[in-house]
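Colleague: Structure below; questions to follow.
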Amino acid sequence: MNPSTTGDQIPVVVLAGFLGSGKTTLLNHLLRRRAGNRIAVVVNDFGAVEIDAMTVAGQVGSTISLGNGCLCCAVDASELDGYLERLSRPAARIDLIVIEASGLAEPQELVRMILTGDNPRTVYGGLVQVVDAAEFDATRDRHPETDRHLAIADLVVLNKTDRVTPAEHERVLGVIGTLGPGAAVVSASYGRIDPGLLFDPAARPAEDEKIRQLSFEDLRADEGEDHMEEDAGEHAGEHAHHPHTGYESVSYDEPAAMDPRRLMAFLDSRPEGLYRVKGFVDFGVADPANRYAVHAVGRFLRFYPEPWPRGAERRTQLVLIGSGIDRDALVKELTVCAVTETEAATAPDESAMWGVLRYVRSGPAAEEAADPV
């Protein structure tokens, strides 16, 4: 199978947030709720961060291999390319790579390293910025760069919302919306977001993952998480078995081909809160030889053309994930992008695919301007 398509690439997510925002708690939640997926965790600037994430393994070291399918590595930024190369090898069978940035790290540099890397087995999975709702104003005062981080984030997790009043919660959401208007925002307590935001919604555990010994994850699911959460107190019990999803998904399946210009107009003006778009697009007579895998995270967008599989039905199939999105409006906007019967019978416009080819990395007009940084 062509390794250039997103179906064969491993998303690399950068998890950022200042010290105390709760990103390691979120990471631990993700590790415990991974639903059979195999996660690799890379900790950047290891000496400068809390090691809470490593307690999932019950040990700390430069490289930790876990029996439950997770791999934790502590690395310097200069070592990152080498680790991504190792972790993305097919033998590792990794489904998601999470880079936990130091609380004082510059996430933009990590994002840039991923975007400019030439590893065909990985793809940028987004910048997730964790924000402490209770310390939001104080954090901005101490770290003015917070505003810049929010401006480039693909997903903002407003954490510790249980510690603020509803009015304060709404106020902080408003400020975040101003600073990072293109990002999806999810509110959470104790770092509990639905892992579906980060995993491929179509992914399923491999058969050998279903037939395995009882793991740490299984034990934690049965026992509940309250005693491992940060200062959970009396509220932990009521939340232990109810992760905050905070997102919606929309499936779009269209047998008609899509008009390249209209689809690009939709993608270039993605509505606020739409975090991920993934799937395959049929551009019909504009390029009858290929289907186009599309991968969008926040502002990042890539197309990956590949020959149609033998015997495959030609149709467009997309999954869209976001927070606060209007399902009906999204489906309506996509339906408008479908080619009519009259258009399908018209000779193709050779320039129609230009907008799409701008986002094909290996294409003749590939531009790094398609990237968010």
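Naming works like this for the structure tokens: A, B, ... for the chains as they're shown, residue 1 at the start of each chain, ligands 1 onward in shown order.
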Tell me, as a list in words, which residues lie within 12 Å of Glu85 of chain A, counting only C-alpha atoms; anything in the same chain fewer than 3 positions away does not count.

Modeller: Gln9, Ile10, Val12, Glu79, Leu80, Asp81, Gly82, Ser88, Arg89, Pro90, Ala91, Ala92, Ile94, Ile97, Ile114, Gly117, Asp118, Asn119, Pro120, Arg121, Thr122 and Val123 of chain A

Colleague: For Ile193 of chain A, please output as an MDAnalysis selection string all residues within 12 Å (counting only C-alpha atoms; exclusion window: fewer than 3 positions along the same chain).

Modeller: chainID A and resid 22:23 25:34 128 130 155:160 185:190 196:199 239 242:247 323

Colleague: Export, as a short mmCIF file (atom, residue, chain, number, x, y, z; two decimals), in the first residue's frame, the selected residues with N, CA and C atoms.

Modeller:
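Final file, selection.cif:
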```cif
data_model
loop_
_atom_site.label_atom_id
_atom_site.label_comp_id
_atom_site.auth_asym_id
_atom_site.auth_seq_id
_atom_site.Cartn_x
_atom_site.Cartn_y
_atom_site.Cartn_z
N GLY A 22 -2.21 20.82 33.53
CA GLY A 22 -2.88 19.52 33.56
C GLY A 22 -2.62 18.65 32.36
N LYS A 23 -1.55 18.95 31.59
CA LYS A 23 -1.33 18.15 30.38
C LYS A 23 -0.89 16.73 30.69
N THR A 25 -1.88 15.04 33.30
CA THR A 25 -3.12 14.38 33.72
C THR A 25 -3.93 13.97 32.49
N LEU A 26 -4.00 14.87 31.51
CA LEU A 26 -4.70 14.56 30.26
C LEU A 26 -4.03 13.38 29.56
N LEU A 27 -2.70 13.38 29.55
CA LEU A 27 -1.97 12.30 28.90
C LEU A 27 -2.23 10.97 29.60
N ASN A 28 -2.21 10.97 30.91
CA ASN A 28 -2.51 9.74 31.65
C ASN A 28 -3.92 9.25 31.35
N HIS A 29 -4.86 10.18 31.25
CA HIS A 29 -6.25 9.81 30.90
C HIS A 29 -6.28 9.16 29.51
N LEU A 30 -5.54 9.75 28.57
CA LEU A 30 -5.48 9.21 27.22
C LEU A 30 -4.90 7.81 27.22
N LEU A 31 -3.85 7.60 28.00
CA LEU A 31 -3.21 6.29 28.05
C LEU A 31 -4.15 5.23 28.65
N ARG A 32 -4.96 5.65 29.60
CA ARG A 32 -5.87 4.69 30.24
C ARG A 32 -7.12 4.43 29.41
N ARG A 33 -7.43 5.34 28.50
CA ARG A 33 -8.65 5.20 27.70
C ARG A 33 -8.32 5.01 26.22
N ARG A 34 -7.26 4.32 25.93
CA ARG A 34 -6.78 4.23 24.55
C ARG A 34 -7.55 3.21 23.71
N VAL A 128 -2.18 20.54 20.47
CA VAL A 128 -3.19 20.57 21.52
C VAL A 128 -2.63 21.41 22.67
N VAL A 130 -3.16 22.93 26.34
CA VAL A 130 -3.94 22.78 27.56
C VAL A 130 -3.85 24.07 28.37
N LEU A 155 -6.27 22.60 18.68
CA LEU A 155 -7.28 22.23 19.66
C LEU A 155 -6.86 22.81 21.00
N VAL A 156 -7.77 23.53 21.66
CA VAL A 156 -7.51 24.08 22.99
C VAL A 156 -8.36 23.31 23.99
N VAL A 157 -7.71 22.75 25.00
CA VAL A 157 -8.42 22.07 26.08
C VAL A 157 -8.45 23.02 27.27
N LEU A 158 -9.61 23.56 27.56
CA LEU A 158 -9.78 24.44 28.72
C LEU A 158 -10.02 23.54 29.93
N ASN A 159 -8.97 23.32 30.68
CA ASN A 159 -8.98 22.34 31.76
C ASN A 159 -9.33 22.99 33.10
N LYS A 160 -9.66 22.16 34.08
CA LYS A 160 -9.98 22.57 35.44
C LYS A 160 -11.18 23.52 35.49
N VAL A 185 -12.33 24.34 20.67
CA VAL A 185 -12.12 24.47 22.12
C VAL A 185 -13.00 23.45 22.83
N VAL A 186 -12.39 22.68 23.72
CA VAL A 186 -13.11 21.68 24.49
C VAL A 186 -12.89 21.96 25.97
N SER A 187 -13.95 22.05 26.74
CA SER A 187 -13.84 22.25 28.18
C SER A 187 -13.74 20.90 28.87
N ALA A 188 -12.94 20.84 29.94
CA ALA A 188 -12.73 19.57 30.62
C ALA A 188 -12.39 19.79 32.08
N SER A 189 -12.57 18.75 32.86
CA SER A 189 -12.11 18.69 34.24
C SER A 189 -11.21 17.47 34.36
N TYR A 190 -10.11 17.61 35.09
CA TYR A 190 -9.17 16.51 35.31
C TYR A 190 -8.61 15.95 34.01
N GLY A 196 -11.31 10.07 21.14
CA GLY A 196 -11.73 10.11 19.74
C GLY A 196 -11.31 11.38 19.03
N LEU A 197 -10.99 12.43 19.79
CA LEU A 197 -10.51 13.65 19.16
C LEU A 197 -9.14 13.46 18.53
N LEU A 198 -8.35 12.54 19.06
CA LEU A 198 -6.98 12.36 18.59
C LEU A 198 -6.79 11.11 17.76
N PHE A 199 -7.57 10.07 18.04
CA PHE A 199 -7.43 8.84 17.27
C PHE A 199 -8.23 8.93 15.98
N HIS A 239 -17.47 11.98 38.46
CA HIS A 239 -16.95 12.15 37.11
C HIS A 239 -16.19 10.93 36.62
N HIS A 242 -17.44 9.18 33.52
CA HIS A 242 -18.09 10.02 32.51
C HIS A 242 -17.09 10.99 31.90
N PRO A 243 -16.25 10.50 30.99
CA PRO A 243 -15.31 11.41 30.32
C PRO A 243 -16.06 12.51 29.59
N HIS A 244 -15.52 13.71 29.63
CA HIS A 244 -16.14 14.81 28.92
C HIS A 244 -15.79 14.70 27.44
N THR A 245 -16.78 14.46 26.62
CA THR A 245 -16.50 14.32 25.20
C THR A 245 -16.23 15.68 24.58
N GLY A 246 -17.24 16.56 24.61
CA GLY A 246 -17.02 17.92 24.14
C GLY A 246 -16.82 18.03 22.64
N TYR A 247 -17.10 16.98 21.89
CA TYR A 247 -16.94 17.08 20.45
C TYR A 247 -18.04 16.29 19.75
N SER A 323 -15.84 20.81 17.74
CA SER A 323 -16.52 21.19 18.98
C SER A 323 -17.49 22.33 18.67
#
```

Colleague: Set the distance at 12 Å and use only C-alpha atoms: which residues neighbour Ala265 of chain A once local chain neighbours fewer than 3 positions away are removed? I'd like the list as an MDAnalysis selection string.

Modeller: chainID A and resid 258:262 268:271 333:334 336:337 355:356

Colleague: Per DSSP on the backbone, filter segment 147-186 of chain A down to the residues in helix (DSSP H, G or I) and report them as a list in words.

Modeller: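 Helix (DSSP H, G or I) assignments inside segment 147-186 of chain A correspond to Asp147, Arg148, His149, Leu150, Ala151, Ile152, Thr161, Asp162, Arg163, Pro166, Ala167, Glu168, His169, Glu170, Arg171, Val172, Leu173, Gly174, Val175, Ile176, Gly177, Thr178 and Leu179 of chain A.
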
Colleague: Considering only C-alpha atoms, return as a list of chain:residue names whatever protein or nucleic-acid residues lie within 8 Å of segment 106-109 of chain A, sequence-local ones (same chain, fewer than 2 positions apart) excluded.

Modeller: A:Val14, A:Ala16, A:Ala101, A:Leu104, A:Val111, A:Arg112, A:Met113, A:Leu127, A:His149, A:Ile152, A:Val373

Colleague: Interatomic distance between atom CA of Gln317 of chain A and atom CA of Leu84 of chain A?

Modeller: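 Distance between the two atoms: 29.3 Å.
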